[in-house]
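Peer 1: Below you will find the structure I want to go over with you.
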Amino acid sequence: MKSVLSERKTFHPPSIEDIEHRELPETAGRAVRELAAEIAFTLDPTPGDTTRTLADPALIELISARSAELPAEVHRAVRPPATPAGACVLRRLPLRDDEIGPTPPDWQTATAWTAEPDRPTCSFELDIAMLLLAAAAGEPFCWAGQQDGRLVNNIVPAAGHELEQSGASSTVLLSPHTEDAFHPQRANLLLLGCLRNPDRVGTTISSVRRVELTAAEQDTLRAPTLPILPDVSYGSGFDRDTAVSVPTLWCEPGYEGVSEALTTRFDPAYTPLDDAGPDYRAAYLRLEHELERVCVLACLEPGELLLVDNDVAVHGRVPFAARYDGTDRWLKRVNIRLPERPRRAAESGENGYGQQIIAPFAPLPAQRARAERNGAVDDRGSVEHT
């Protein structure tokens, strides 16, 4: 399956009106890094034991307990995006290029390097910093079937994957998509942290709340017509016979018909569009063109983070030429759920293609209270709690 989105690069440059920008005060950014370093030091392995893992229950407990110590400015900075753009850039997390080591050639190597005592410890400390920020925003989680179930994913170009529709690609346009659109428990928020980006490779962002569609086109795309399949990072050979058709557009529960509440579930590269009729394909193509029209670029600098509302904005990446010499673009990614934000009740009937989430963090007490008041707490799909 391929996207019908063109590969032209006529994206709109970002502006304050396009993407919200937030800045951490210098003291707040330093507090995040210092707390992450303190937690990493607390968990230093004993002599002869080089194991360093994000799945360590002691680490999860420390992050859960101590994220509340972060300055109030940090908690305000990671609140969900507040504009129709559905994304915001968070600046000024302290980071130096000489402390992170070379860009790893793939995510497997990035994982292995964190366990090597002679490697720089900054990558692991930044994993902790990402989790501290994510825990301040909501409920961090990961996928058992992606990057060996790591809570923080490393996004780097990998040789041999240049043309894939995945985060390991480079020379192909990564089509705008909802992260993990195939699953009913996909993230509400996506946190991307930039460690290195010397070529200013742009992340594309398009908000469904900025598109212009006719009422007929919206009605067509609201009908559950086609399934969305898992991307290649989860493997292949998924059972199409049990795949559930899902709508591409809908409004947040309780706000039906309100354009400002429009949400989407969109991944053209993994949607079997050839199975739909001409009216649906035409409406889908129109949506793709509209998402391209309103697309803006976020060219992240080291120490900047992009927070994406995964229910509102789709994201992708422009093509670039990877060098595989240790200097390529390097991002870290964390998925975040917001228990207080409900989704369509019909999603509870989806099996998620057997993909399980790992959710070791308990929801923040305030979030859990809001969720219970709103009747939004649920355990849809397969969840592996650790």
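Going by the structure tokens order, chains are called A, B, ..., each with residues numbered from 1, while ligands are numbered from 1 in the order shown.
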If we count only C-alpha atoms and set the cut-off at 10 Å, which residues sit around Ala243 in chain A, ignoring sequence neighbours fewer than 3 positions away in its own chain? Please answer as a VMD selection string.
Peer 2: chain A and resid 182 226 to 229 238 to 240 246 350 to 353
Peer 1: Find the spatial neighbours of range 305-316 of chain A, counting only C-alpha atoms, within a cut-off of 6 Å - ignore same-chain residues fewer than 6 positions away - and output them as a PyMOL selection string.
Peer 2: chain A and resi 86-90+174-178+188-193+203-208+263-264
Peer 1: Just checking: using only C-alpha atoms, which residue out of A:Pro253, A:Pro104, A:Gly138, A:Gly29 ends up closest to Arg196 in chain A?
Peer 2: A:Pro104
Peer 1: Would you mind writing down, as a count of residues only, each residue of range 171-380 of chain A that DSSP on the backbone assigns to helix (DSSP H, G or I)?
Peer 2: 57
Peer 1: So how many Å separate CA of Ala298 in chain A and CA of Thr103 in chain A, to one decimal?
Peer 2: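 Going from CA of Ala298 in chain A over to CA of Thr103 in chain A, I get 20.4 Å.
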